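Heads up, the thing below is written out as structure tokens.
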Amino acid sequence: MPREIVTRLLHAIAVCAVVATSVFVLIQCAPGDPFATALDGADVPPSVRAEWRARYGFDLPPGERFVRWAAALTRGELGYAASRHRTVAEVVGDAMPRTLLLVGVALGLGFAAGVGIALVQTRHHRRWQDRVLGALTLGGVAVPEFLVALLAMTWLGARWRLFPVAGMGSLGDAGAWPLWERILDLVWHLALPAGVLALAVASRVARHQRAALLAVMREDYIRTARAKGLGEWDVIVRHALPNAIGPVIALLGLALPSLVGGAVLIERIFGWPGMGLTLFDALLARDYPLILAAVLLATVLAVVARTVTDAIAEYVAPRRARER
Amino acid sequence: MTHSRFRSLALLFCLAASSACRGTDASPTGGVVVVSSGADAETLVPPLVEGSQGRVVTELIYDKLADVGPALNTFGDVGFVPKLARSWDWSRDSLTITFHLDPGARWHDGQPVTAYDVQYAFRVWTDSAVGAVQRAALAAVDSVSAPDSRTARVYFRERTPEQFYAFTYTLIPLPAHRLASLPGAALRDAPEVRSPVGSGPFRFVSWAPRTRLELSANTAYYAGRPRVDGVVFVFAAQGATVAARLLAGEADFVEQLSPPDFAQLPRDGAVRAQPYGSLDYTFLLFNQFDARDAARPHPIFADRAMRRVLTAAIDRSTIVRSVFDSLARPAIGPFSRMQWTADTTLTGIAFDPSAAARMLDSLGWRDTDRNGIRERAGRPLAFSVLVPASSRPRQAAAVLLQAQFKAVGVAVTIEQTDFNTFLDRARRGAFDAMVSGVRTSPSPRGVRDWWGTPGPDRGIQNWGRWSNAEFDAQLDSALSAPRVEELRAHIHAAYQAALNDAPAIWLYEPRFFAGVHRRLTVRALRPDAWWSGIVNWSIDPAQRLPRDRRAPATP
């Protein structure tokens with residue numbers, strides 16, 4: 001076990017190093033620099049942009065910049081985000097919890113809903129409930145997230161006004177509201193972005209979970225459980241689900257990177273000021289330290305999530321539980 | 001009793017006098033204007049502001065000495081509105097302007113605005129360590145002195161018709177008592193500038209970058225408190241979200257509705273589109289030099305006759321109608337109709353595809369292999385058009401241009417790139433033609449940056465590297481003309497030279513429509529600064545919302 005942990009840790013470090021280096025090289029290849037947008041102003045002399053570049057070290061050769069950045073990273077310094085006039089750590093410290101909240105809620109909701117849908121489909125296998133839910137989950141997987149997001153924003157937000165169109169909280173004196181009201185307000189604002197992300201997760205989870213459940217339902221121990229006189233729901237929930245949920249939990253670990261990627265779009269559409277929006281802005285502004293930090297953190301998050309979900313899948317597997 | 005009645009009458013008189021001082025406007029006060037915006041301010045330090053959103057916010061927090069009037073005149077000081085400077089005097093040789101500051105003007109921390117603040121601001125703007133964006137505009141200013149705390153004297157190196165505009169439009173007095181201890185290089189990132197103390201109608205409250213920025217009414221404002229209690233800017237990177245906030249009633253104002261937004265406007269009149277002038281114009285720019293070898297003339301566009309023929313092949317009215325319906329009009333030349341120097345009497349190259357085809361024949365470009373594309377000496381008449389992927393109207397215009405060029409036997413390839421790549425290639429001259437746009441200022445001086453022969457003081461953004469001696473000379477004469485009539489004559493000649501030489505096809509000038517919620521009363525919007533009259537905006541008390549609840553800032 002310790003050897004396995006060390007192997008996984010080394011693997012994670014190698015993945016992060018490769019990703020950071022690749023992103024750095026790719027950014028260098030992309031045209032533009034942090035001060036290129038200054039061209040929007042007609043009166044910006046090139047000397048001013050040169051001064052800014054020198055001040056933030058952008059006049060150094062890319063190799064030297066990378067070495068400096070990597071050295072700083074080993075000291076725990078992520079650098080300075082010139083586009084935000086703050087340190088990268090401060091920017092990330094603000095944005096990361098918001099994305100974790102959004103993605104965490106979407107993941108939790110999507111997983112619960114997906115498993116629930118799969119249970120219903122398994123219970124009513126080959127009946128109309130199965131077919132309808134199957135069609136819906138297929139739609140959930142097939143329709144692009146941005147389209148669902150724009151439709152949700154237009155109809156549920158702008159037209160019917162059931163949920164706020166964008167942002168994380170109400171305006172006015174919302175800051176002075178009692179804690180529980182502020183939490184409710186946050187949940188209300190979270191509904192659309194988290195709901196849209198959760199829809200995609202739920203659809204994928206439901207399709208995988210249904211397939212896994214149906215495979216398990218053919219096993220001998222399921223027949224035995226039925227022979228004991230257990231109800232069909234008991235058979236599915238107590239005997240089939242524990243044996244079929246492991247691969248789906250592992251799937252969540254793999255789904256997290258795409259969820260974080262999807263959050264870039266969702267945060268942009270719903271004005272959710274998390275890491276996705278931060279990364280998008282940083283890319284437009286060519287804020288290299290911020291881009292590198294955002295990508296690196298997303299990579300770390302994905303690696304950690306995969307490791308954790310693998311461990312959970314192992315843990316909940318009945319055979320492993322029996323060994324315990 | 002008599003004494004009491006006298007006191008009541010005196011009170012009534014005072015109230016009436018107070019009302020008269022503020023004008024006859026009886027609009028209610030209170031409420032908070034929520035402005036939905038697609039971009040955030042990049043900084044709140046006025047000399048470092050580049051984008052339009054930064055300008056909006058800083059000009060609400062900080063006041064200028066004087067501002068251009070509704071006519072957008074930039075010649076002399078005609079029509080300028082006093083702000084921090086209550087009045088000003090010119091020296092006999094026009095090389096000195098003395099500004100007399102309003103004695104009631106105060107910084108938001110209660111300190112008086114003094115001439116030393118003007119002096120300090122000039123030092124900041126001209127300090128190379130600060131990197132002020134528009135310091136070139138102050139090149140004609142020699143120095144600023146402060147004979148006393150209420151008098152700022154500005155000395156110019158040379159007389160120019162726009163010296164008053166250049167100084168007052170560019171330089172914003174800064175609070176020396178708070179910032180003077182900071183070295184110039186530190187100004188950009190100093191913590192003090194994240195919570196600015198200004199002199200304008202609104203005080204800074206809070207700023208969550210890319211999320212929201214809140215301002216509250218300065219109740220001690222020397223020109224009378226704003227009618228609303230505050231302004232909140234909420235930001236969204238997605239254009240659809242910016243408009244959706246207005247349609248959902250979560251915002252009161254959107255600076256510019258896009259054509260698709262009009263279809264979404266509710267029929268109950270909750271949101272209206274308010275037109276105002278725009279200083280934007282868009283054009284198809286021809287590169288005068290080869291995109292692959294900047295030292296060689298462009299094989300097609302270096303030839304003036306070819307540029308004129310290509311211009312004649314394009315029906316701009318159809319393009320404008322197809323892309324914008326009635327939300328834009330064909331551009332005339334290298335200027336906006338909203339500029340006071342705009343000239344609608346110019347003679348452009350008329351749309352005439354038959355004549356264009358004949359001219360192409362006579363220039364040796366013929367479709368010898370009958371494939372629909374003309375050739376000369378084995379080389380097809382083909383070029384690429386660079387378009388930023390961020391602009392849908394420009395993409396649509398490029399497609400229509402492609403079709404119209406095809407009709408006369410010219411093959412066009414459209415290259416869409418992200419905006420950074422677009423800028424990078426523009427700067428390097430790595431393009432054949434590009435659909436570019438300009439948001440100009442009220443002054444005609446910007447024309448020199450975009451269309452003047454590239455050099456140290458001009459042509460900074462002349463990406464096509466077009467050069468025309470007559471244009472340069474006429475423009476220089478215009479910008480130094482002592483009388484308006486002379487200026488107009490020279491600028492007419494300069495614009496006509498540009499139209500004759502066809503360095504670009506001037507495509508369209510969009511008409512701007514602000515989205516305004518019905519609870520908000522908005523006065524006329526100035527083309528260069530829609531926010532300039534925001535102190536007089538008001539919110540209907542009968543339509544106040546929970547989000548309006550907030551205490552106005554105390555003096």
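Letters A, B, ... go to the chains of the structure tokens in the order shown; residues in each chain start at 1; ligands are counted from 1 in the same order.
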Restrict the calculation to only C-alpha atoms, then for each residue of chain B with any atom at most 7 Å from an atom of chain A give the closest atom pair and their distance in Å to one decimal, rows by chain and rising residue number, as a tab-separated table.
```
residue	atom	partner	partner_atom	distance
B:Glu42	CA	A:Ser83	CA	6.9
B:Glu50	CA	A:Gly41	CA	5.9
B:Gly131	CA	A:Val48	CA	5.3
B:Val133	CA	A:Val44	CA	5.3
B:Gln134	CA	A:Asp43	CA	5.3
B:Ala136	CA	A:Asp43	CA	6.4
B:Asp189	CA	A:His85	CA	5.5
B:Arg210	CA	A:Pro273	CA	6.8
B:Thr211	CA	A:Pro273	CA	6.3
B:Ala236	CA	A:Gly271	CA	4.9
B:Ala237	CA	A:Arg268	CA	5.6
B:Gln238	CA	A:Ile269	CA	5.4
B:Thr241	CA	A:Ile269	CA	6.2
B:Ala244	CA	A:Ala158	CA	5.6
B:Arg245	CA	A:Val165	CA	6.0
B:Leu247	CA	A:Ala158	CA	5.7
B:Ala248	CA	A:Ala158	CA	4.0
B:Asn420	CA	A:Gly32	CA	5.3
B:Thr421	CA	A:Pro31	CA	5.2
B:Asp424	CA	A:Gly32	CA	5.6
B:Asp449	CA	A:Ala42	CA	6.5
B:Gln461	CA	A:Ala42	CA	6.7
B:Pro546	CA	A:Gly172	CA	6.7
B:Arg547	CA	A:Gly172	CA	3.9
B:Asp548	CA	A:Gly172	CA	5.7
B:Arg549	CA	A:Gly172	CA	5.5
B:Arg550	CA	A:Asp173	CA	5.9
```
Contact residues around region 140-144 of chain B with only C-alpha atoms at 8 Å, ignoring same-chain residues under 5 positions, as a PyMOL selection string: chain B and resi 118-119+122+152-158+163+167
What does the file look like for those residues with C-alpha atoms, as a PDB file, in the first residue's frame?
```pdb
ATOM      1  CA  VAL B 118      -3.398  69.588 -10.657  1.00  0.00           C
ATOM      2  CA  GLN B 119       0.354  70.060 -10.501  1.00  0.00           C
ATOM      3  CA  PHE B 122       0.636  66.590 -14.432  1.00  0.00           C
ATOM      4  CA  ALA B 152      -3.506  76.342 -11.473  1.00  0.00           C
ATOM      5  CA  ARG B 153      -1.561  77.858 -14.343  1.00  0.00           C
ATOM      6  CA  VAL B 154      -0.747  75.712 -17.355  1.00  0.00           C
ATOM      7  CA  TYR B 155       2.115  76.722 -19.667  1.00  0.00           C
ATOM      8  CA  PHE B 156       2.136  75.399 -23.227  1.00  0.00           C
ATOM      9  CA  ARG B 157       5.135  75.000 -25.511  1.00  0.00           C
ATOM     10  CA  GLU B 158       3.098  75.839 -28.578  1.00  0.00           C
ATOM     11  CA  GLN B 163      -4.635  72.682 -26.515  1.00  0.00           C
ATOM     12  CA  PHE B 167      -5.230  69.220 -21.420  1.00  0.00           C
TER      13      PHE B 167
END
```
Write out as a list in words each polymer residue whose atoms come within 9 Å of region 129-134 of chain A, counting only C-alpha atoms; drop sequence neighbours fewer than 3 positions from it.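 My list of contacting residues is Ile117, Ala118, Val120, Gln121, Thr122, Arg123, His124, His125, Arg126, Thr137, Leu138, Gly139, Ser203, Ala206 and Arg207 of chain A.
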Which one of B:Leu381, B:Leu44, B:Val124, B:Leu213 sits closest to Pro191 (chain B) if you count only C-alpha atoms?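 When distances to Pro191 (chain B) are compared using only C-alpha atoms, the smallest one comes from B:Leu44.
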Among region 102-168 of chain A, which ones does DSSP assign to alpha helix (DSSP H) (computed from the backbone)? Answer as a PyMOL selection string. chain A and resi 102-123+128-142+145-151
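Note that CA of Ala115 (chain B) and CA of Asp102 (chain B) are 10.5 Å apart.
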Which residues in region 266-401 of chain B does DSSP call strand (DSSP E)? List them as an NGL selection string. :B and (271-276 or 280-286 or 328-330 or 375-376 or 379-380 or 382-388)
By how many Å are CA of Arg292 (chain B) and CA of Gly429 (chain B) apart?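 Taking CA of Arg292 (chain B) as the start and CA of Gly429 (chain B) as the end point, the length is 8.6 Å.
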